[in-house]
Amino acid sequence: MQLANIDLGKLSVSKLNMRNGKAPPDVSDILPTVRARGVLVPLLVRPSGEGETFEIVAGRRRYFAARTVLEEGGEVEPLPCAIMEPGDDAAALEASLIENIARLDPGEVNQWETFAGLIRKGRTPEQIGQTFGLTLLYVRRILALGNLLPGIRALYAADKIDAATIRHLTLASRSQQKDWLALYDDPEQYAPTGQSLKAWLFGGQSIPTKVAIFDLDAYPGRIKADLFGEDGYFEDADTFWTMQNEAVAALRDRYLEDGWSAVEIMDTGEHFYSYDHEKTPKDKGGKVVISVSGRGDVTVHEGYLSGKEARRARAAAAKAEAQAQGLPPGAGKPETTGVMQDYIDLHRHAAVRCGPCGQPTAASATRPWPTASRPRAPKPSSTPSAGPSSPCSASTPRTKASPARRRARRRSSNSSRGW
């Protein structure tokens, strides 16, 4: 590579320049400097093969700024240029993209055009990534734009559709892309975008390859990869479910061979609730539950029993233990329920409290409750009564009779005396 000052008339923008063919660039930011001091940073050029003319590989904005000064009537000196070796188209493309990325971040469609040109010139995605300091995934994502129709790429370049829609459109076949464009161009139709576009492409069900528990190499259908190359999707959902169900059945057989008492496969889409089950090891009758989500995810829950099954298992274990100890059937089993036992205990407590009521001396010495929290029982009368009306009357205080009852008692007493 050599440096030289080249007249403006001998320069033209190369077709390999990534911004060739676009409208004249905005040079308002560098035009004052070019007017005052000319072009200071060398342009990257290469011989065009037609006389002593040269093609500009990088430096298009500096070239247009110099032309603007010339059209304004100013003087323009020959521009400083770094001349590349002729014939190396891939190197020219790389140089153009490197400079534009450093100065003005180009759109992804522009990058795709340059990356695709490098691929045609023999560069690999790995070499492109190493040249520009980009990850291999990023390079492949840009190259995946080549799967789109030119009309879709034009919409993306004009920011009329977002990145999510572009990502899902890379999963579409050519015919699906044409159908989508027809919907987009029809003002009376709705063109799906984003997640609704994915459902439209797959007929309502999109199943990623990462949920499969079978060998993907054995899948006879087509697997579609998205723009980022991270996720693949099964094109034929029916074939996926057939192979997935066979893999789940084989998984159940392996657990049974490992000694599990039972393996339950839940209905597709049914959720497993761990709080309705008890964790139970394999040696105590625990079983395996396999759940399958609506999109194909398989989850294995090892060592669980439902609440009812766990109670039955405990009862069976207790019965087996009693038989091993030589006890009769039902030994150790309570004769009453818990509620009935509480009711019996309440009656026993009442009998213990009321028992000493018929013995005044014992009742005065008995404190059925702490004196600090309950009132003290009244002292028994020194004159023994003819007979208490109830076992607890000795310790029960007499209530004051009402005036009407007292008058009735006096009339009854007077009549008995003959008054």
# chains A, B, ... in the order shown; residues from 1 in each chain; ligands from 1
>>> residues_around(residues="A:Leu31", least_positions_apart="6", cutoff="12 Å", atoms="only C-alpha atoms", output="PyMOL selection string")
chain A and resi 25+37-39+61-70+72
>>> write_last_selection(atoms="C-alpha atoms", output="PDB file, in the first residue's frame")
ATOM      1  CA  PRO A  25     -24.350  11.705   2.455  1.00  0.00           C
ATOM      2  CA  ARG A  37      -7.954  23.045   5.718  1.00  0.00           C
ATOM      3  CA  GLY A  38      -8.958  20.541   3.068  1.00  0.00           C
ATOM      4  CA  VAL A  39      -9.115  16.752   3.487  1.00  0.00           C
ATOM      5  CA  ARG A  61     -18.056  11.389   2.857  1.00  0.00           C
ATOM      6  CA  ARG A  62     -14.666  13.139   2.592  1.00  0.00           C
ATOM      7  CA  TYR A  63     -14.893  12.842  -1.191  1.00  0.00           C
ATOM      8  CA  PHE A  64     -18.390  14.401  -1.284  1.00  0.00           C
ATOM      9  CA  ALA A  65     -17.306  17.183   1.088  1.00  0.00           C
ATOM     10  CA  ALA A  66     -14.440  18.051  -1.279  1.00  0.00           C
ATOM     11  CA  ARG A  67     -16.860  18.049  -4.245  1.00  0.00           C
ATOM     12  CA  THR A  68     -19.201  20.400  -2.340  1.00  0.00           C
ATOM     13  CA  VAL A  69     -16.354  22.867  -1.768  1.00  0.00           C
ATOM     14  CA  LEU A  70     -15.475  22.677  -5.487  1.00  0.00           C
ATOM     15  CA  GLU A  72     -19.191  26.320  -4.190  1.00  0.00           C
TER      16      GLU A  72
END
>>> residues_around(residues="stretch 193-196 of chain A", least_positions_apart="5", cutoff="10 Å", atoms="only C-alpha atoms", output="short mmCIF file (atom, residue, chain, number, x, y, z; two decimals) with N, CA, C and O atoms, in the first residue's frame")
data_model
loop_
_atom_site.label_atom_id
_atom_site.label_comp_id
_atom_site.auth_asym_id
_atom_site.auth_seq_id
_atom_site.Cartn_x
_atom_site.Cartn_y
_atom_site.Cartn_z
N ILE A 161 -40.83 -2.26 10.01
CA ILE A 161 -41.09 -3.46 10.80
C ILE A 161 -39.95 -3.62 11.79
O ILE A 161 -38.81 -3.20 11.53
N ASP A 162 -40.25 -4.21 12.95
CA ASP A 162 -39.25 -4.29 14.02
C ASP A 162 -38.42 -5.56 13.91
O ASP A 162 -38.64 -6.44 13.06
N ALA A 163 -37.43 -5.66 14.81
CA ALA A 163 -36.50 -6.79 14.78
C ALA A 163 -37.19 -8.11 15.11
O ALA A 163 -36.84 -9.16 14.57
N ALA A 164 -38.19 -8.08 16.02
CA ALA A 164 -38.88 -9.31 16.38
C ALA A 164 -39.63 -9.89 15.18
O ALA A 164 -39.62 -11.10 14.95
N THR A 165 -40.24 -9.02 14.39
CA THR A 165 -40.95 -9.48 13.20
C THR A 165 -39.97 -10.05 12.18
O THR A 165 -40.24 -11.10 11.57
N ILE A 166 -38.84 -9.38 12.00
CA ILE A 166 -37.82 -9.89 11.07
C ILE A 166 -37.32 -11.24 11.52
O ILE A 166 -37.12 -12.17 10.72
N ARG A 167 -37.10 -11.39 12.82
CA ARG A 167 -36.59 -12.67 13.34
C ARG A 167 -37.56 -13.80 13.01
O ARG A 167 -37.14 -14.89 12.61
N HIS A 168 -38.84 -13.58 13.17
CA HIS A 168 -39.82 -14.63 12.90
C HIS A 168 -40.00 -14.85 11.40
O HIS A 168 -40.28 -15.98 10.97
N LEU A 169 -39.83 -13.80 10.59
CA LEU A 169 -39.97 -13.97 9.15
C LEU A 169 -38.85 -14.81 8.56
O LEU A 169 -39.01 -15.42 7.50
N TRP A 180 -47.28 -13.07 3.42
CA TRP A 180 -47.22 -12.03 4.45
C TRP A 180 -47.10 -10.66 3.79
O TRP A 180 -47.74 -9.69 4.23
N LEU A 201 -47.26 -18.44 11.42
CA LEU A 201 -46.37 -19.27 10.60
C LEU A 201 -46.53 -20.76 10.90
O LEU A 201 -46.45 -21.59 9.99
N GLY A 204 -50.55 -21.92 14.71
CA GLY A 204 -51.03 -21.83 16.08
C GLY A 204 -50.18 -22.53 17.11
O GLY A 204 -50.33 -22.32 18.30
#
>>> select_by_dssp(residues="stretch 36-81 of chain A", states="alpha helix (DSSP H)", output="PyMOL selection string")
chain A and resi 36-37+60-71
>>> write_last_selection(atoms="C-alpha atoms", output="mmCIF file, in the first residue's frame")
data_model
loop_
_atom_site.group_PDB
_atom_site.id
_atom_site.type_symbol
_atom_site.label_atom_id
_atom_site.label_comp_id
_atom_site.auth_asym_id
_atom_site.auth_seq_id
_atom_site.Cartn_x
_atom_site.Cartn_y
_atom_site.Cartn_z
ATOM 1 C CA ALA A 36 -10.728 25.644 5.932
ATOM 2 C CA ARG A 37 -7.954 23.045 5.718
ATOM 3 C CA ARG A 60 -16.934 8.559 0.538
ATOM 4 C CA ARG A 61 -18.056 11.389 2.857
ATOM 5 C CA ARG A 62 -14.666 13.139 2.592
ATOM 6 C CA TYR A 63 -14.893 12.842 -1.191
ATOM 7 C CA PHE A 64 -18.390 14.401 -1.284
ATOM 8 C CA ALA A 65 -17.306 17.183 1.088
ATOM 9 C CA ALA A 66 -14.440 18.051 -1.279
ATOM 10 C CA ARG A 67 -16.860 18.049 -4.245
ATOM 11 C CA THR A 68 -19.201 20.400 -2.340
ATOM 12 C CA VAL A 69 -16.354 22.867 -1.768
ATOM 13 C CA LEU A 70 -15.475 22.677 -5.487
ATOM 14 C CA GLU A 71 -19.105 23.304 -6.519
#
>>> atom_distance(atom1="atom CA of A:Glu235", atom2="atom CA of A:Ala218")
14.3 Å
>>> closest_residue(among="A:Lys160, A:Lys15, A:Arg407, A:Arg353", to="A:Ala58", atoms="only C-alpha atoms")
A:Lys15
>>> closest_residue(among="A:Trp200, A:Ile207, A:Gln323, A:Leu43", to="A:Asp238", atoms="only C-alpha atoms")
A:Ile207
>>> atom_distance(atom1="atom CA of A:Ala144", atom2="atom CA of A:Thr170")
7.0 Å
>>> select_by_dssp(residues="stretch 189-306 of chain A", states="strand (DSSP E or B)", output="PyMOL selection string")
chain A and resi 208+223-225+232-234+263-265+277-279+287-292+298-306
>>> write_last_selection(atoms="N, CA and C atoms", output="PDB file, in the first residue's frame")
ATOM      1  N   PRO A 208     -40.391 -25.549  20.168  1.00  0.00           N
ATOM      2  CA  PRO A 208     -38.934 -25.440  20.015  1.00  0.00           C
ATOM      3  C   PRO A 208     -38.265 -26.801  20.144  1.00  0.00           C
ATOM      4  N   ILE A 223     -36.640 -28.812  10.429  1.00  0.00           N
ATOM      5  CA  ILE A 223     -36.467 -27.954  11.609  1.00  0.00           C
ATOM      6  C   ILE A 223     -36.071 -26.569  11.126  1.00  0.00           C
ATOM      7  N   LYS A 224     -36.827 -25.573  11.543  1.00  0.00           N
ATOM      8  CA  LYS A 224     -36.565 -24.195  11.127  1.00  0.00           C
ATOM      9  C   LYS A 224     -35.760 -23.485  12.208  1.00  0.00           C
ATOM     10  N   ALA A 225     -34.710 -22.778  11.791  1.00  0.00           N
ATOM     11  CA  ALA A 225     -33.898 -21.998  12.721  1.00  0.00           C
ATOM     12  C   ALA A 225     -34.238 -20.535  12.556  1.00  0.00           C
ATOM     13  N   GLY A 232     -34.508 -23.594  17.350  1.00  0.00           N
ATOM     14  CA  GLY A 232     -35.086 -24.230  16.185  1.00  0.00           C
ATOM     15  C   GLY A 232     -36.503 -24.651  16.506  1.00  0.00           C
ATOM     16  N   TYR A 233     -37.334 -24.790  15.493  1.00  0.00           N
ATOM     17  CA  TYR A 233     -38.734 -25.130  15.692  1.00  0.00           C
ATOM     18  C   TYR A 233     -39.115 -26.261  14.737  1.00  0.00           C
ATOM     19  N   PHE A 234     -39.963 -27.167  15.249  1.00  0.00           N
ATOM     20  CA  PHE A 234     -40.423 -28.289  14.443  1.00  0.00           C
ATOM     21  C   PHE A 234     -41.501 -27.805  13.472  1.00  0.00           C
ATOM     22  N   VAL A 263     -45.206 -45.633  37.743  1.00  0.00           N
ATOM     23  CA  VAL A 263     -44.876 -44.412  37.002  1.00  0.00           C
ATOM     24  C   VAL A 263     -46.172 -43.892  36.386  1.00  0.00           C
ATOM     25  N   GLU A 264     -46.559 -42.690  36.769  1.00  0.00           N
ATOM     26  CA  GLU A 264     -47.803 -42.089  36.269  1.00  0.00           C
ATOM     27  C   GLU A 264     -47.469 -41.013  35.250  1.00  0.00           C
ATOM     28  N   ILE A 265     -48.079 -41.091  34.077  1.00  0.00           N
ATOM     29  CA  ILE A 265     -47.927 -40.079  33.032  1.00  0.00           C
ATOM     30  C   ILE A 265     -49.190 -39.226  33.014  1.00  0.00           C
ATOM     31  N   HIS A 277     -49.218 -33.579  47.148  1.00  0.00           N
ATOM     32  CA  HIS A 277     -48.511 -34.852  47.240  1.00  0.00           C
ATOM     33  C   HIS A 277     -47.545 -34.822  48.414  1.00  0.00           C
ATOM     34  N   GLU A 278     -47.119 -35.994  48.825  1.00  0.00           N
ATOM     35  CA  GLU A 278     -46.132 -36.130  49.884  1.00  0.00           C
ATOM     36  C   GLU A 278     -44.882 -36.790  49.315  1.00  0.00           C
ATOM     37  N   LYS A 279     -43.742 -36.225  49.683  1.00  0.00           N
ATOM     38  CA  LYS A 279     -42.473 -36.793  49.232  1.00  0.00           C
ATOM     39  C   LYS A 279     -42.266 -38.146  49.899  1.00  0.00           C
ATOM     40  N   LYS A 287     -43.660 -43.157  43.989  1.00  0.00           N
ATOM     41  CA  LYS A 287     -43.767 -43.389  42.553  1.00  0.00           C
ATOM     42  C   LYS A 287     -43.246 -42.174  41.795  1.00  0.00           C
ATOM     43  N   VAL A 288     -43.159 -42.323  40.484  1.00  0.00           N
ATOM     44  CA  VAL A 288     -42.667 -41.269  39.596  1.00  0.00           C
ATOM     45  C   VAL A 288     -43.850 -40.692  38.823  1.00  0.00           C
ATOM     46  N   VAL A 289     -43.914 -39.370  38.770  1.00  0.00           N
ATOM     47  CA  VAL A 289     -44.962 -38.675  38.021  1.00  0.00           C
ATOM     48  C   VAL A 289     -44.299 -37.891  36.893  1.00  0.00           C
ATOM     49  N   ILE A 290     -44.741 -38.100  35.665  1.00  0.00           N
ATOM     50  CA  ILE A 290     -44.206 -37.415  34.488  1.00  0.00           C
ATOM     51  C   ILE A 290     -45.278 -36.479  33.951  1.00  0.00           C
ATOM     52  N   SER A 291     -44.954 -35.198  33.887  1.00  0.00           N
ATOM     53  CA  SER A 291     -45.891 -34.200  33.357  1.00  0.00           C
ATOM     54  C   SER A 291     -45.358 -33.662  32.035  1.00  0.00           C
ATOM     55  N   VAL A 292     -46.270 -33.396  31.110  1.00  0.00           N
ATOM     56  CA  VAL A 292     -45.936 -32.892  29.776  1.00  0.00           C
ATOM     57  C   VAL A 292     -46.748 -31.629  29.531  1.00  0.00           C
ATOM     58  N   VAL A 298     -41.115 -31.803  29.094  1.00  0.00           N
ATOM     59  CA  VAL A 298     -41.282 -33.001  29.916  1.00  0.00           C
ATOM     60  C   VAL A 298     -40.573 -32.776  31.247  1.00  0.00           C
ATOM     61  N   THR A 299     -41.310 -32.946  32.353  1.00  0.00           N
ATOM     62  CA  THR A 299     -40.753 -32.786  33.691  1.00  0.00           C
ATOM     63  C   THR A 299     -41.018 -34.058  34.480  1.00  0.00           C
ATOM     64  N   VAL A 300     -39.982 -34.571  35.147  1.00  0.00           N
ATOM     65  CA  VAL A 300     -40.087 -35.805  35.915  1.00  0.00           C
ATOM     66  C   VAL A 300     -40.046 -35.462  37.402  1.00  0.00           C
ATOM     67  N   HIS A 301     -41.032 -35.966  38.168  1.00  0.00           N
ATOM     68  CA  HIS A 301     -41.112 -35.759  39.617  1.00  0.00           C
ATOM     69  C   HIS A 301     -40.922 -37.124  40.274  1.00  0.00           C
ATOM     70  N   GLU A 302     -39.787 -37.327  40.909  1.00  0.00           N
ATOM     71  CA  GLU A 302     -39.449 -38.625  41.488  1.00  0.00           C
ATOM     72  C   GLU A 302     -39.814 -38.672  42.967  1.00  0.00           C
ATOM     73  N   GLY A 303     -40.405 -39.798  43.384  1.00  0.00           N
ATOM     74  CA  GLY A 303     -40.668 -40.040  44.801  1.00  0.00           C
ATOM     75  C   GLY A 303     -41.811 -39.243  45.370  1.00  0.00           C
ATOM     76  N   TYR A 304     -43.012 -39.408  44.830  1.00  0.00           N
ATOM     77  CA  TYR A 304     -44.183 -38.689  45.337  1.00  0.00           C
ATOM     78  C   TYR A 304     -45.363 -39.649  45.457  1.00  0.00           C
ATOM     79  N   LEU A 305     -46.251 -39.367  46.415  1.00  0.00           N
ATOM     80  CA  LEU A 305     -47.527 -40.039  46.552  1.00  0.00           C
ATOM     81  C   LEU A 305     -48.583 -38.984  46.843  1.00  0.00           C
ATOM     82  N   SER A 306     -49.786 -39.196  46.359  1.00  0.00           N
ATOM     83  CA  SER A 306     -50.870 -38.291  46.716  1.00  0.00           C
ATOM     84  C   SER A 306     -51.195 -38.436  48.197  1.00  0.00           C
TER      85      SER A 306
END
>>> residues_around(residues="A:Gly285", least_positions_apart="3", cutoff="8 Å", atoms="only C-alpha atoms", output="JSON, numbers by chain")
{"A": [260, 261, 280, 281, 282, 313]}
>>> write_last_selection(atoms="C-alpha atoms", output="PDB file, in the first residue's frame")
ATOM      1  CA  TRP A 260     -40.009 -47.819  41.133  1.00  0.00           C
ATOM      2  CA  SER A 261     -43.402 -49.126  42.223  1.00  0.00           C
ATOM      3  CA  THR A 280     -42.007 -40.559  49.590  1.00  0.00           C
ATOM      4  CA  PRO A 281     -38.801 -42.490  48.849  1.00  0.00           C
ATOM      5  CA  LYS A 282     -38.685 -45.415  46.471  1.00  0.00           C
ATOM      6  CA  ALA A 313     -49.150 -46.544  52.667  1.00  0.00           C
TER       7      ALA A 313
END
